[in-house]
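Q: Below is one structure. I have some questions about it.
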Amino acid sequence: MDNQKASVKKIAITYGLLLAAGTIAVSVVVYILDMHMEQHWWQSVLNFGIMVVAIVLGLKAFRTENGGFMSFVESLKTGLAISVIAGIVGAIFTYLFVTVIEPDFVAKIMEVTQDNMLEQNPNMTQEQVDSAMAITEKFMSPGVMVLFSIIGTLFFGFIISLISGLILKKDRQGL
């Protein structure tokens with residue numbers, strides 16, 4: 001596209017960092033309030049809302065900088081680029097959180113998980129508890145948490161970009 005003036009990279013960095021800052025701010029507030037041992041529904045809704053706002057604003061900025069035009073493919077590319085930046089920054093924060101800021105986080109989560117499991121299934125044998133906890137522990141390693149953080153951000157970023165792109169796209173007619 002010779003007429004493209006907008007920079008996906010510039011917009012992705014700006015709005016990706018905005019998205020990362022918003023979701024990290026929510027995490028920090030939850031941590032300060034000592035509510036970080038359990039995932040609350042409102043935290044997920046708030047993070048999703050921040051993601052929608054950041055991606056939609058990024059797509060609108062791209063369209064504005066691109067002379068008022070944006071194809072569906074450009075919207076997907078821009079939205080996913082925003083998600084990649086946010087996912088990488090969020091993954092770095094997650095890694096730092098579970099290894100430096102709160103190094104006992106995984107152990108505490110494992111304890112809470114075991115307590116919840118025994119509360120919901122009081123008749124579990126020790127063997128069943130040990131087996132379930134071994135599986136849970138594999139998913140709680142910092143590397144797996146970082147991977148899921150990036151995958152989740154990309155997945156939801158793709159869905160939001162897909163829907164927003166369909167709504168916000170404006171193709172060049174006759175060019």
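Labels for the structure tokens follow display order: chains A, B, ..., residues from 1 in each chain, ligands from 1.
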Near A:Ile109, within 10 Å and counting only C-alpha atoms, which residues show up once chain neighbours fewer than 4 positions away are dropped, as a list in words?

A: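 The residues satisfying every condition are His36, Met37, Glu38, Asp104, Phe105, Thr113, Gln114, Asp115, Thr136, Glu137 and Met140 of chain A.
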
Q: Determine, counting only C-alpha atoms, which protein, DNA and RNA residues have an atom within 8 Å of an atom of stretch 16-29 of chain A; residues of the same chain fewer than 2 positions away are not included. Present the result as a list in words.

A: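 Near neighbours after the sequence-gap exclusion: Ile11, Ala12, Ile13, Thr14, Tyr31, Ile32, Leu33, His36, Gln43, Leu46, Asn47, Ile50, Met51, Ala54, Ile55, Ala81, Ile82, Ser83, Val84, Ile85, Ala86, Gly87, Val89, Gly90 and Phe93 of chain A.
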
Q: What gap, in Å, lies between atom CA of A:Phe62 and atom CA of A:Ser7?

A: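 Result for atom CA of A:Phe62 versus atom CA of A:Ser7: 7.4 Å, one decimal.
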
Q: Work out how far apart atom CA of A:Glu111 and atom CA of A:Phe48 are and give it in Å to one decimal.

A: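 Spanning atom CA of A:Glu111 to atom CA of A:Phe48 is a straight-line distance of 27.7 Å.
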